[in-house]
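Notes to accompany the following structure.
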Amino acid sequence: MAGASTLYLRSSTPPRRATAESPVARAVLIGIALVFLGLFLFLPLVVVFQEAFSKGAAAFFQAFQDPFTRSAIWLTLLVAVIVVPLNTLFGLAAAWSLTRFRFRGRSFLVTLIDLPLWVSPVIGGLIYMLVFGARGWFGPWLRENDIRIIFAVPGIVLATVFVTFPFVARGLIPLMEAQGLKEEEAALTLGANGWQIFRRVTLPKIKWGLLYGVILCNARAMGEFGAVSVVSGHIRGKTTTMPLQIEILYNEYQFAAAFAVASLLALLAIVTLFLKTYAEWRADRQLREASL
Amino acid sequence: MKKHVLPGFGLTLGFSLVYLSLIVLIPFAALFLKTASGGWQHFWETVTSPRVVASYQVSFGISLLAALVNGVFGVIAAWVLVRYRFPGRRILDAIVDLPFALPTAVAGIALTALYAPNEWIGQYLKPMGIQIAYTRLGIFVALTFIGLPFVVRTVQPVIQDLVAEVEEAAACLGANRWHTFRRVIFPALLPSILTGVTLAYGRAVGEYGSVVFISGNLPFKTEITPLMIITKLEQYDYSGAAAIGFVMLAASFLILIVSNSLQSWNNKRHGIS
């Protein structure tokens, strides 16, 4: 105990002996946290890049010459380009109606928006199989009219929309709820129409929260595996997104190529974390400004 | 508050409702009707067949274990991130959300590469007779990874808001640090810890991408329930797939109810309404 107290007196931080752990306990706790987070978070990330370059830089870049890998990257981008704007539009509409108005069934809608976050992504694919699959509701009709949804791009888009639609709405609802609608009402009395109110008053207030949701939505849309895997059919060059291409390469023992594609998605994850932390910080500030 | 002052109510609510109906309500109606269309007997035979029951044990059992481990280490990590200052703390704090951002397939192959025999960590465990990849231990590792952020992120703000005076009072009354933690801090954290564990559990139960690579997918041993749904679909047994999906949905719904009531307990405890 005596040793501990002198240590504290010498340190530059103000002494708070009674409500601080002993240096030993502190070191042990930091050690445990570092080992736990290092083992489960840092190491997998390091492995991805290490394995991607395990056969040298040339092999890494060679992996992206594969036409199937290229088409998988294009498909992933295409899906994100369709899904993210759709879900952003939905998120804005849902947040506007749920935070600016009070109506019956409102809390049910809020719960419904959370649904994809607590069901298995595999169920997200399953439900569209049951509607559009060969033995689903519309399966026979779709076959007669030669429309492909399952094992084609529309099915992948649908499954991705399902898995990612909560993100923008969830980013906006608490923020807009806290900000209230005084400024919107003021704009209304000054003669602004709905679109003007949204663009000039609401959008500037919510832009960081919106960005936060869009970033998360995009990351999940590009990386979704379970739901897409069910409806994709894994047709190489046609219905394989990047995560599915990783699976195919991995199962064919092309480990370096699988990890090369994986490293792109890991890079996306790192950028996402960085942007998300920044947007979160800015959105928090906007929220604090609103509550002043 | 007046009801409809601002414009756009009909448009935005209408759009949201149409969107949710197309994306969620109609497909889920298909899930319920398909489950029913197979008949009671087919439903019961499917959801109680030995291979599917074995998958429940894997999915629900190992998820619980992983969530509990996250409950212990997640609290330590949250405590360290809030209370201590050390180099690299900010990076560590940001990286906690990695399991949210990293695509599950990437996590799956990375964890498999780490723990496969003769690989990174696997080679050191092999002489000790421990194999992680392609066993239930591997599933446990993947589910711990996937659930990690939930406990840390639910406990962190509660530690941040702990009132310092309470700990000082405990110290004044002669409690040592361990006593203060056990009698004062831990009871205050408990609702948030349980909430975080439940959220991690709910996520782990449905997890697919990060598990299928490391699990090896041996029938009766390392097959998870979401994989059984996919197996049924591949056999064109849609009502069977819907039946297992229905069971998973019911389980997830139960977990959601538990987590919501824990959350409101947590909010009440900390004066957030």
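By convention in this document, the chains of the structure tokens carry letters A, B, ... by their order, each chain's residues are numbered from 1, and ligands are numbered from 1 in the order they are shown.
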Need to verify the contact set: Phe138 of chain A, 12 Å, only C-alpha atoms, exclusion of same-chain residues closer than 6 positions in sequence. Can you return it as number ranges by chain? A: 128-132, 144-150; B: 27, 30
Generate a file of the selected residues that holds N, CA and C atoms, formatted as a tab-separated table (two decimals), in the first residue's frame.
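Contents of again07.tsv, as written:
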```tsv
chain	number	residue	atom	x	y	z
A	128	TYR	N	-37.37	-14.05	-49.32
A	128	TYR	CA	-37.51	-13.74	-50.74
A	128	TYR	C	-37.53	-15.01	-51.59
A	129	MET	N	-36.85	-16.07	-51.10
A	129	MET	CA	-36.96	-17.36	-51.77
A	129	MET	C	-38.42	-17.82	-51.73
A	130	LEU	N	-39.06	-17.63	-50.58
A	130	LEU	CA	-40.44	-18.11	-50.42
A	130	LEU	C	-41.40	-17.32	-51.29
A	131	VAL	N	-41.08	-16.07	-51.61
A	131	VAL	CA	-41.96	-15.27	-52.46
A	131	VAL	C	-41.65	-15.50	-53.94
A	132	PHE	N	-40.35	-15.43	-54.28
A	132	PHE	CA	-39.98	-15.43	-55.71
A	132	PHE	C	-39.29	-16.71	-56.17
A	144	GLU	N	-43.05	-18.54	-66.21
A	144	GLU	CA	-43.84	-18.41	-67.44
A	144	GLU	C	-43.50	-17.12	-68.18
A	145	ASN	N	-43.31	-16.06	-67.42
A	145	ASN	CA	-43.05	-14.77	-68.04
A	145	ASN	C	-41.56	-14.48	-68.20
A	146	ASP	N	-40.75	-15.50	-67.89
A	146	ASP	CA	-39.31	-15.40	-68.07
A	146	ASP	C	-38.70	-14.20	-67.34
A	147	ILE	N	-39.16	-14.00	-66.10
A	147	ILE	CA	-38.57	-12.95	-65.27
A	147	ILE	C	-37.73	-13.63	-64.19
A	148	ARG	N	-36.48	-13.21	-64.06
A	148	ARG	CA	-35.61	-13.81	-63.05
A	148	ARG	C	-35.41	-12.84	-61.89
A	149	ILE	N	-35.74	-13.31	-60.70
A	149	ILE	CA	-35.46	-12.49	-59.52
A	149	ILE	C	-34.49	-13.24	-58.62
A	150	ILE	N	-34.87	-14.50	-58.30
A	150	ILE	CA	-33.96	-15.33	-57.50
A	150	ILE	C	-32.87	-15.88	-58.41
B	27	PRO	N	-43.05	-10.38	-47.60
B	27	PRO	CA	-42.18	-11.56	-47.48
B	27	PRO	C	-42.36	-12.33	-46.17
B	30	ALA	N	-45.26	-14.48	-46.32
B	30	ALA	CA	-44.91	-15.70	-47.04
B	30	ALA	C	-44.26	-16.71	-46.11
```
Could you tell me, as an mmCIF file with C-alpha atoms, in the first residue's frame, which residues of segment 97-187 of chain A DSSP assigns to alpha helix (DSSP H) when given the backbone?
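Dumped everything to out-v4.cif:
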```
data_model
loop_
_atom_site.group_PDB
_atom_site.id
_atom_site.type_symbol
_atom_site.label_atom_id
_atom_site.label_comp_id
_atom_site.auth_asym_id
_atom_site.auth_seq_id
_atom_site.Cartn_x
_atom_site.Cartn_y
_atom_site.Cartn_z
ATOM 1 C CA SER A 97 -42.884 10.896 -40.537
ATOM 2 C CA LEU A 98 -41.902 9.272 -37.222
ATOM 3 C CA THR A 99 -40.278 12.283 -35.559
ATOM 4 C CA ARG A 100 -42.369 15.168 -36.923
ATOM 5 C CA ARG A 106 -45.892 4.763 -34.448
ATOM 6 C CA SER A 107 -43.964 2.635 -31.959
ATOM 7 C CA PHE A 108 -44.889 -0.487 -33.928
ATOM 8 C CA LEU A 109 -43.253 1.062 -36.989
ATOM 9 C CA VAL A 110 -40.117 1.910 -35.010
ATOM 10 C CA THR A 111 -39.889 -1.734 -33.892
ATOM 11 C CA LEU A 112 -40.514 -2.964 -37.434
ATOM 12 C CA ILE A 113 -37.601 -0.877 -38.685
ATOM 13 C CA ASP A 114 -35.336 -2.670 -36.202
ATOM 14 C CA LEU A 115 -36.405 -6.106 -37.400
ATOM 15 C CA PRO A 116 -33.466 -6.866 -39.735
ATOM 16 C CA LEU A 117 -31.051 -6.153 -36.902
ATOM 17 C CA TRP A 118 -32.353 -8.984 -34.757
ATOM 18 C CA PRO A 121 -29.473 -12.609 -42.264
ATOM 19 C CA VAL A 122 -30.248 -16.081 -43.624
ATOM 20 C CA ILE A 123 -33.926 -15.381 -42.881
ATOM 21 C CA GLY A 124 -33.496 -12.187 -44.912
ATOM 22 C CA GLY A 125 -32.676 -14.361 -47.909
ATOM 23 C CA LEU A 126 -35.182 -17.091 -47.076
ATOM 24 C CA ILE A 127 -38.235 -14.819 -47.157
ATOM 25 C CA TYR A 128 -37.512 -13.738 -50.744
ATOM 26 C CA MET A 129 -36.965 -17.364 -51.770
ATOM 27 C CA LEU A 130 -40.436 -18.108 -50.416
ATOM 28 C CA VAL A 131 -41.959 -15.269 -52.460
ATOM 29 C CA PHE A 132 -39.984 -15.427 -55.707
ATOM 30 C CA GLY A 139 -42.228 -18.799 -58.838
ATOM 31 C CA PRO A 140 -44.386 -20.432 -61.534
ATOM 32 C CA TRP A 141 -45.717 -17.098 -62.793
ATOM 33 C CA LEU A 142 -42.211 -15.629 -63.005
ATOM 34 C CA ARG A 143 -40.983 -18.669 -64.932
ATOM 35 C CA GLU A 144 -43.835 -18.412 -67.440
ATOM 36 C CA VAL A 153 -29.353 -9.466 -59.583
ATOM 37 C CA PRO A 154 -32.866 -8.327 -58.475
ATOM 38 C CA GLY A 155 -32.908 -10.974 -55.727
ATOM 39 C CA ILE A 156 -29.471 -9.865 -54.498
ATOM 40 C CA VAL A 157 -30.678 -6.252 -54.445
ATOM 41 C CA LEU A 158 -33.838 -7.185 -52.518
ATOM 42 C CA ALA A 159 -31.967 -9.217 -49.904
ATOM 43 C CA THR A 160 -29.440 -6.400 -49.477
ATOM 44 C CA VAL A 161 -32.210 -3.798 -49.158
ATOM 45 C CA PHE A 162 -33.778 -5.891 -46.400
ATOM 46 C CA VAL A 163 -30.578 -6.306 -44.412
ATOM 47 C CA THR A 164 -29.519 -2.646 -44.668
ATOM 48 C CA PRO A 166 -32.607 0.189 -40.760
ATOM 49 C CA PHE A 167 -29.259 1.985 -40.742
ATOM 50 C CA VAL A 168 -30.161 5.428 -42.128
ATOM 51 C CA ALA A 169 -33.504 5.544 -40.295
ATOM 52 C CA ARG A 170 -31.892 4.530 -36.994
ATOM 53 C CA GLY A 171 -29.158 7.105 -37.404
ATOM 54 C CA LEU A 172 -31.712 9.867 -37.969
ATOM 55 C CA ILE A 173 -34.642 9.085 -35.664
ATOM 56 C CA PRO A 174 -32.969 9.750 -32.273
ATOM 57 C CA LEU A 175 -31.203 12.836 -33.649
ATOM 58 C CA MET A 176 -34.333 14.392 -35.190
ATOM 59 C CA GLU A 177 -36.386 13.469 -32.139
ATOM 60 C CA ALA A 178 -33.932 15.334 -29.898
ATOM 61 C CA GLN A 179 -33.692 18.350 -32.187
ATOM 62 C CA LYS A 182 -39.290 24.507 -33.598
ATOM 63 C CA GLU A 183 -37.068 25.677 -36.419
ATOM 64 C CA GLU A 184 -39.158 23.867 -39.025
ATOM 65 C CA GLU A 185 -42.275 25.501 -37.638
ATOM 66 C CA ALA A 186 -40.597 28.894 -37.727
ATOM 67 C CA ALA A 187 -39.694 28.349 -41.380
#
```
Proximal residues of chain B relative to chain A (only C-alpha atoms; 7 Å) as a PyMOL selection string: chain B and resi 3-4+6-9+12-13+15-16+23+27-28+30-31+76-77+80+94+98+101-107+110-111+145+167-168+171+177+202-203+206-209+226+230+238+245+249+252
I'd like the interatomic distance between atom CA of Leu148 of chain B and atom CA of Val197 of chain B, to a tenth of an Å.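 Going from atom CA of Leu148 of chain B over to atom CA of Val197 of chain B, I get 9.3 Å.
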Which polymer residues have any atom within 12 Å of an atom of Val53 of chain B, counting only C-alpha atoms, with same-chain residues fewer than 2 positions away left out, as a PDB file with C-alpha atoms, in the first residue's frame?
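The result, written out as out_36.pdb:
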```
ATOM      1  CA  TRP B  44     -42.996 -30.803 -36.170  1.00  0.00           C
ATOM      2  CA  GLU B  45     -40.929 -33.487 -37.902  1.00  0.00           C
ATOM      3  CA  THR B  46     -38.682 -30.838 -39.443  1.00  0.00           C
ATOM      4  CA  VAL B  47     -38.040 -28.766 -36.353  1.00  0.00           C
ATOM      5  CA  THR B  48     -37.509 -31.801 -34.104  1.00  0.00           C
ATOM      6  CA  SER B  49     -35.438 -33.930 -36.471  1.00  0.00           C
ATOM      7  CA  PRO B  50     -32.225 -34.993 -34.703  1.00  0.00           C
ATOM      8  CA  ARG B  51     -29.920 -33.100 -37.057  1.00  0.00           C
ATOM      9  CA  SER B  55     -27.974 -27.523 -34.651  1.00  0.00           C
ATOM     10  CA  TYR B  56     -30.068 -25.763 -31.962  1.00  0.00           C
ATOM     11  CA  GLN B  57     -27.632 -27.021 -29.348  1.00  0.00           C
ATOM     12  CA  VAL B  58     -24.746 -25.599 -31.335  1.00  0.00           C
ATOM     13  CA  SER B  59     -26.373 -22.258 -32.223  1.00  0.00           C
ATOM     14  CA  PHE B  60     -28.152 -21.511 -28.967  1.00  0.00           C
ATOM     15  CA  GLY B  61     -25.659 -23.189 -26.613  1.00  0.00           C
ATOM     16  CA  PRO B 219     -23.649 -32.862 -39.327  1.00  0.00           C
ATOM     17  CA  PHE B 220     -24.653 -33.323 -35.659  1.00  0.00           C
ATOM     18  CA  LYS B 221     -21.398 -31.703 -34.533  1.00  0.00           C
ATOM     19  CA  THR B 222     -20.733 -28.261 -35.965  1.00  0.00           C
ATOM     20  CA  GLU B 223     -23.782 -27.330 -38.035  1.00  0.00           C
ATOM     21  CA  ILE B 224     -25.543 -24.121 -37.004  1.00  0.00           C
ATOM     22  CA  THR B 225     -29.287 -23.569 -37.394  1.00  0.00           C
ATOM     23  CA  MET B 228     -29.994 -25.960 -41.775  1.00  0.00           C
ATOM     24  CA  ILE B 244     -36.860 -23.748 -39.183  1.00  0.00           C
ATOM     25  CA  VAL B 247     -38.465 -21.323 -34.997  1.00  0.00           C
TER      26      VAL B 247
END
```
